[in-house]
>>> print(open('model-v1.txt').read())   # compact mmCIF, C-alpha atoms
# COMPACT_ATOMS: atom_id res chain seq x y z
CA ASN A 1 166.51 168.48 116.09
CA PRO A 2 163.97 171.15 114.97
CA GLN A 3 164.77 174.76 115.74
CA SER A 4 162.66 176.33 118.51
CA PRO A 5 160.82 179.40 117.23
CA ILE A 6 162.57 182.64 118.19
CA PRO A 7 160.11 185.58 118.51
CA ASN A 8 160.62 188.82 116.65
CA PRO A 9 162.23 191.37 118.95
CA GLN A 10 159.78 193.94 117.52
CA SER A 11 156.77 191.95 118.75
CA PRO A 12 154.88 193.07 121.80
CA ILE A 13 156.07 190.02 123.85
CA PRO A 14 157.70 191.28 127.01
CA ILE A 15 161.48 191.08 127.11
CA LEU A 16 161.43 188.68 130.11
CA ILE A 17 159.45 186.09 128.16
CA LEU A 18 161.89 186.42 125.30
CA HIS A 19 164.79 185.73 127.63
CA PHE A 20 163.02 182.69 129.04
CA ILE A 21 162.40 181.21 125.59
CA LEU A 22 166.00 181.80 124.54
CA LEU A 23 167.35 180.16 127.71
CA GLN A 24 165.06 177.16 127.25
CA HIS A 25 166.21 176.80 123.65
CA ILE A 26 169.89 176.82 124.70
CA LYS A 27 169.21 174.36 127.53
CA ASN A 28 167.51 171.85 125.22
CA ASN A 29 170.34 172.03 122.71
CA ASN A 30 172.95 171.57 125.45
CA ILE A 31 171.20 168.51 126.86
CA TYR A 32 171.09 167.00 123.38
CA LEU A 33 174.82 167.62 122.87
CA ILE A 34 175.74 166.28 126.28
CA LYS A 35 173.81 163.06 125.65
CA LYS A 36 175.41 162.73 122.25
CA ASN A 37 178.92 163.20 123.65
CA MET A 38 178.26 160.75 126.47
CA GLY A 39 177.16 158.19 123.93
CA LEU A 40 173.70 157.78 125.46
CA ASN A 41 172.19 158.03 122.02
CA ASN A 42 175.00 156.06 120.38
CA SER A 43 174.51 152.29 119.89
CA LYS A 44 178.21 151.95 118.93
CA ASN A 45 179.21 153.10 122.41
CA LYS A 46 177.09 150.35 123.98
CA ALA A 47 178.91 147.85 121.80
CA ARG A 48 182.25 149.24 123.00
CA ILE A 49 181.20 148.87 126.64
CA GLN A 50 180.13 145.26 126.03
CA LYS A 51 183.48 144.57 124.31
CA VAL A 52 185.40 145.95 127.30
CA ASN A 53 183.36 143.83 129.70
CA ASN A 54 183.96 140.70 127.62
CA THR A 55 187.69 141.47 127.56
CA LYS A 56 187.76 141.77 131.35
CA ILE A 57 186.06 138.38 131.68
CA LYS A 58 188.49 136.83 129.20
CA LEU A 59 191.52 138.23 131.03
CA SER A 60 190.12 136.94 134.33
CA LEU A 61 189.76 133.45 132.87
CA GLN A 62 193.28 133.58 131.42
CA GLU A 63 194.65 134.50 134.84
CA LYS A 64 192.76 131.57 136.35
CA GLU A 65 194.22 129.19 133.76
CA LYS A 66 197.79 130.40 134.30
CA GLU A 67 200.15 127.63 135.42
CA TYR A 68 202.63 128.29 138.21
CA GLU A 69 205.87 126.38 138.69
CA ILE A 70 207.59 125.37 141.93
CA LYS A 71 211.04 123.82 142.28
CA ILE A 72 211.35 121.31 145.13
CA CYS A 73 214.50 119.57 146.32
CA LEU A 74 214.53 116.39 148.43
CA LEU A 75 217.55 116.45 150.72
CA GLY A 76 218.85 113.96 153.28
CA ASP A 77 221.12 111.01 153.97
CA LEU A 78 221.70 108.12 151.62
CA ASN A 79 218.95 105.45 151.61
CA VAL A 80 216.29 107.48 153.41
CA GLY A 81 213.99 107.02 150.39
CA LYS A 82 214.15 110.32 148.51
CA SER A 83 213.82 108.73 145.05
CA SER A 84 211.04 106.45 146.32
CA ILE A 85 209.10 109.44 147.63
CA SER A 86 209.43 111.23 144.30
CA ASN A 87 208.42 108.14 142.32
CA ARG A 88 205.42 107.47 144.53
CA PHE A 89 204.13 111.01 144.18
CA CYS A 90 204.84 111.49 140.45
CA LYS A 91 204.29 107.97 139.12
CA ASN A 92 202.33 106.28 141.90
CA SER A 93 204.86 103.47 141.99
CA PHE A 94 207.21 102.15 144.64
CA ASN A 95 210.61 102.19 143.03
CA THR A 96 213.79 102.67 145.03
CA ILE A 97 215.78 103.42 141.89
CA GLY A 98 215.11 106.66 140.09
CA GLY A 99 216.67 109.60 138.35
CA ALA A 100 217.50 112.94 139.86
CA TYR A 101 214.38 114.62 138.50
CA ASN A 102 210.61 114.16 138.30
CA GLN A 103 207.70 116.47 137.63
CA LYS A 104 203.97 116.48 138.21
CA ASN A 105 201.06 118.82 137.54
CA ILE A 106 198.51 119.29 140.29
CA ILE A 107 195.37 121.40 140.71
CA LEU A 108 194.68 123.30 143.93
CA ASN A 109 191.26 123.52 145.57
CA ASP A 110 190.50 126.83 143.81
CA GLY A 111 191.37 125.39 140.38
CA THR A 112 194.87 126.87 140.14
CA LYS A 113 197.32 124.76 138.14
CA ILE A 114 200.74 124.11 139.67
CA LYS A 115 203.66 122.29 138.07
CA LEU A 116 206.02 120.77 140.63
CA HIS A 117 209.62 120.17 139.56
CA ILE A 118 211.17 117.67 141.99
CA PHE A 119 214.94 117.25 142.24
CA ILE A 120 216.62 114.53 144.30
CA ALA A 121 219.94 115.54 145.80
CA SER A 122 222.33 112.66 146.45
CA GLY A 123 223.07 111.85 150.06
CA ASN A 124 226.40 110.30 149.08
CA GLU A 125 229.40 112.11 150.56
CA GLY A 126 231.22 111.78 147.24
CA PHE A 127 228.64 114.02 145.56
CA ARG A 128 228.34 116.55 148.37
CA SER A 129 230.29 119.17 146.40
CA ILE A 130 227.54 119.35 143.74
CA THR A 131 224.55 118.79 146.02
CA ASN A 132 224.04 122.51 146.47
CA LEU A 133 223.41 122.85 142.72
CA TYR A 134 220.10 121.09 143.30
CA TYR A 135 218.79 123.29 146.07
CA LYS A 136 220.48 126.68 145.65
CA ASP A 137 217.61 128.13 143.57
CA ALA A 138 214.83 125.90 144.91
CA ASN A 139 211.56 127.28 146.25
CA VAL A 140 211.18 124.35 148.65
CA VAL A 141 213.53 121.91 150.36
CA ILE A 142 212.19 118.73 151.97
CA LEU A 143 214.60 117.50 154.63
CA THR A 144 214.08 113.75 154.68
CA TYR A 145 214.97 111.11 157.26
CA ASP A 146 214.25 107.43 157.83
CA VAL A 147 212.18 106.75 160.96
CA THR A 148 213.99 103.39 161.31
CA ASN A 149 217.42 105.08 161.23
CA LYS A 150 218.17 107.34 164.18
CA GLN A 151 221.39 108.61 162.64
CA SER A 152 219.57 109.95 159.59
CA PHE A 153 217.44 112.03 161.95
CA GLU A 154 220.42 113.31 163.93
CA ASN A 155 222.14 114.32 160.69
CA LEU A 156 219.30 116.71 159.88
CA LYS A 157 221.14 119.40 161.82
CA ASN A 158 224.09 119.06 159.46
CA TRP A 159 221.86 119.32 156.41
CA LEU A 160 220.13 122.35 157.88
CA ASN A 161 223.45 124.03 158.59
CA GLU A 162 224.55 123.34 155.02
CA LEU A 163 221.38 124.96 153.73
CA ASN A 164 221.87 128.03 155.88
CA ASP A 165 225.45 128.36 154.66
CA ASN A 166 224.63 128.05 150.96
CA ILE A 167 221.17 129.53 150.46
CA LYS A 168 220.67 133.27 150.38
CA ASN A 169 216.92 133.03 149.77
CA ASP A 170 215.20 133.96 153.03
CA ASN A 171 211.84 133.10 151.48
CA ILE A 172 212.64 129.42 150.92
CA LEU A 173 210.21 126.92 152.44
CA ILE A 174 211.89 124.10 154.38
CA CYS A 175 209.81 121.04 155.25
CA LEU A 176 210.45 117.87 157.21
CA ALA A 177 209.45 114.36 156.15
CA GLY A 178 209.98 111.15 158.12
CA ASN A 179 209.83 108.28 155.64
CA LYS A 180 208.94 104.60 156.20
CA CYS A 181 206.19 105.27 158.76
CA ASP A 182 204.53 102.01 157.65
CA VAL A 183 206.97 99.88 159.70
CA ASP A 184 206.03 98.09 162.90
CA SER A 185 206.39 100.12 166.07
CA ASN A 186 209.30 98.00 167.30
CA GLU A 187 211.27 98.94 164.14
CA LYS A 188 210.69 102.66 164.56
CA LYS A 189 213.71 104.38 166.08
CA VAL A 190 212.60 108.00 165.81
CA PRO A 191 209.37 108.78 167.69
CA THR A 192 206.82 111.02 165.99
CA SER A 193 207.17 113.47 168.88
CA LYS A 194 210.86 113.99 168.01
CA GLY A 195 210.01 114.87 164.44
CA LYS A 196 207.28 117.27 165.53
CA GLN A 197 209.61 118.96 168.01
CA PHE A 198 212.35 119.44 165.40
CA ALA A 199 209.83 120.86 162.92
CA GLN A 200 208.35 123.26 165.46
CA GLU A 201 211.79 124.53 166.48
CA HIS A 202 212.59 125.38 162.87
CA ASN A 203 209.10 126.42 161.73
CA MET A 204 208.69 123.56 159.25
CA ILE A 205 205.78 121.68 157.71
CA PHE A 206 206.04 118.13 159.08
CA TYR A 207 204.67 114.82 157.83
CA GLU A 208 205.47 111.22 158.54
CA ILE A 209 205.09 109.45 155.21
CA SER A 210 205.53 106.12 153.49
CA ALA A 211 206.81 105.87 149.93
CA LYS A 212 205.96 102.15 150.10
CA THR A 213 202.24 102.52 150.86
CA GLY A 214 201.78 106.12 149.71
CA GLU A 215 200.62 107.25 153.16
CA CYS A 216 200.53 111.07 153.41
CA ILE A 217 202.65 111.52 150.27
CA ASN A 218 200.00 113.50 148.38
CA GLU A 219 199.11 115.45 151.52
CA LEU A 220 202.73 116.56 151.92
CA PHE A 221 203.08 117.89 148.38
CA GLN A 222 199.59 119.39 148.38
CA ALA A 223 200.40 121.31 151.58
CA ILE A 224 203.65 122.53 150.01
CA ALA A 225 201.89 123.71 146.84
CA GLU A 226 199.19 125.55 148.82
CA LYS A 227 201.80 127.25 151.00
CA GLU A 228 203.89 128.34 148.03
CA TYR A 229 200.87 129.59 146.10
CA ASP A 230 199.90 131.76 149.07
CA LYS A 231 203.35 133.38 148.83
CA ILE A 232 202.95 133.87 145.07
CA LYS A 233 199.62 135.66 145.59
CA ILE A 234 201.15 137.95 148.22
CA ASN A 235 204.11 138.82 145.97
CA ASN A 236 201.83 139.55 143.02
>>> encode(input="model-v1.txt", output="structure tokens")
Amino acid sequence: NPQSPIPNPQSPIPILILHFILLQHIKNNNIYLIKKNMGLNNSKNKARIQKVNNTKIKLSLQEKEKEYEIKICLLGDLNVGKSSISNRFCKNSFNTIGGAYNQKNIILNDGTKIKLHIFIASGNEGFRSITNLYYKDANVVILTYDVTNKQSFENLKNWLNELNDNIKNDNILICLAGNKCDVDSNEKKVPTSKGKQFAQEHNMIFYEISAKTGECINELFQAIAEKEYDKIKINN
């Protein structure tokens, strides 16, 4: 940056002009220093800015690719089809015999990955003492009944009371599923309206489903995953 000429104080130039030239010289130098400090004349600084922007994009993509996990417990009387529901959803097969655990990865409409861990609690009275181990730390409980078995529907109140007595998580999502909806109307002992009423009274997601045909199975679990992911976003 070349030095601006500074006039000789002994010259005949008026003192006001001298002051003006000095002020202009200082101003030009200051502007140069400010630009230098701001990095406007520094190509390295532009590279740093680009690196920061690329990092932000990368972090955003990593957040999008993050996989969330949800624990679900199927709960209800013996022979209502809990294992069959789990097998139909996870393996797309109709199998009435299954283990106590399945899992499946799904992708939500916005691309979010969710891993569903599905536990099947026994409806057998002999195992009732350990049933709560399956649902005590669950995010979701699906109360399940058999639409051809009126007693399994009436026993939902007992299962709900057991949940309320043993679960301290106020944020748990409780859903209602009436299995075997594929049967003929004359075999159906629990009207759809009864299921809807029970679900509305207890603020539950409700679906009538069929593990045999697969009717509304995916819709049930998709609705659960969407609902739980909404809660995750709020908490984060």
>>> closest_residue(input="model-v1.txt", among="A:Leu78, A:Ile224, A:Ile120, A:Ile70", to="Asn105 (chain A)", atoms="all atoms listed in the file")
A:Ile70
>>> closest_residue(input="model-v1.txt", among="A:Val183, A:Lys212, A:Asn166, A:Leu143", to="Phe198 (chain A)", atoms="all atoms listed in the file")
A:Leu143
>>> closest_residue(input="model-v1.txt", among="A:Ile174, A:Val80, A:Leu133, A:Leu108", to="Ala211 (chain A)", atoms="all atoms listed in the file")
A:Val80
>>> residues_around(input="model-v1.txt", residues="Asn132 (chain A)", least_positions_apart="4", cutoff="12 Å", atoms="all atoms listed in the file", output="MDAnalysis selection string")
chainID A and resid 73:75 119:123 127:128 136:138 141 159 162:168
>>> write_last_selection(input="model-v1.txt", atoms="C-alpha atoms", output="short mmCIF file (atom, residue, chain, number, x, y, z; two decimals), in the coordinates of the input")
data_model
loop_
_atom_site.label_atom_id
_atom_site.label_comp_id
_atom_site.auth_asym_id
_atom_site.auth_seq_id
_atom_site.Cartn_x
_atom_site.Cartn_y
_atom_site.Cartn_z
CA CYS A 73 214.50 119.57 146.32
CA LEU A 74 214.53 116.39 148.43
CA LEU A 75 217.55 116.45 150.72
CA PHE A 119 214.94 117.25 142.24
CA ILE A 120 216.62 114.53 144.30
CA ALA A 121 219.94 115.54 145.80
CA SER A 122 222.33 112.66 146.45
CA GLY A 123 223.07 111.85 150.06
CA PHE A 127 228.64 114.02 145.56
CA ARG A 128 228.34 116.55 148.37
CA LYS A 136 220.48 126.68 145.65
CA ASP A 137 217.61 128.13 143.57
CA ALA A 138 214.83 125.90 144.91
CA VAL A 141 213.53 121.91 150.36
CA TRP A 159 221.86 119.32 156.41
CA GLU A 162 224.55 123.34 155.02
CA LEU A 163 221.38 124.96 153.73
CA ASN A 164 221.87 128.03 155.88
CA ASP A 165 225.45 128.36 154.66
CA ASN A 166 224.63 128.05 150.96
CA ILE A 167 221.17 129.53 150.46
CA LYS A 168 220.67 133.27 150.38
#
>>> atom_distance(input="model-v1.txt", atom1="CA of Leu116 (chain A)", atom2="CA of Glu208 (chain A)")
20.3 Å
>>> atom_distance(input="model-v1.txt", atom1="CA of Leu176 (chain A)", atom2="CA of Lys113 (chain A)")
24.2 Å
>>> residues_around(input="model-v1.txt", residues="Ile118 (chain A)", least_positions_apart="4", cutoff="6 Å", atoms="all atoms listed in the file", output="PyMOL selection string")
chain A and resi 72-73+101-103
>>> residues_near_point(input="model-v1.txt", point="(199.7, 114.8, 148.5)", cutoff="12 Å", atoms="all atoms listed in the file", output="PyMOL selection string")
chain A and resi 85-86+88-90+92+104-108+116+207+209-211+214-226
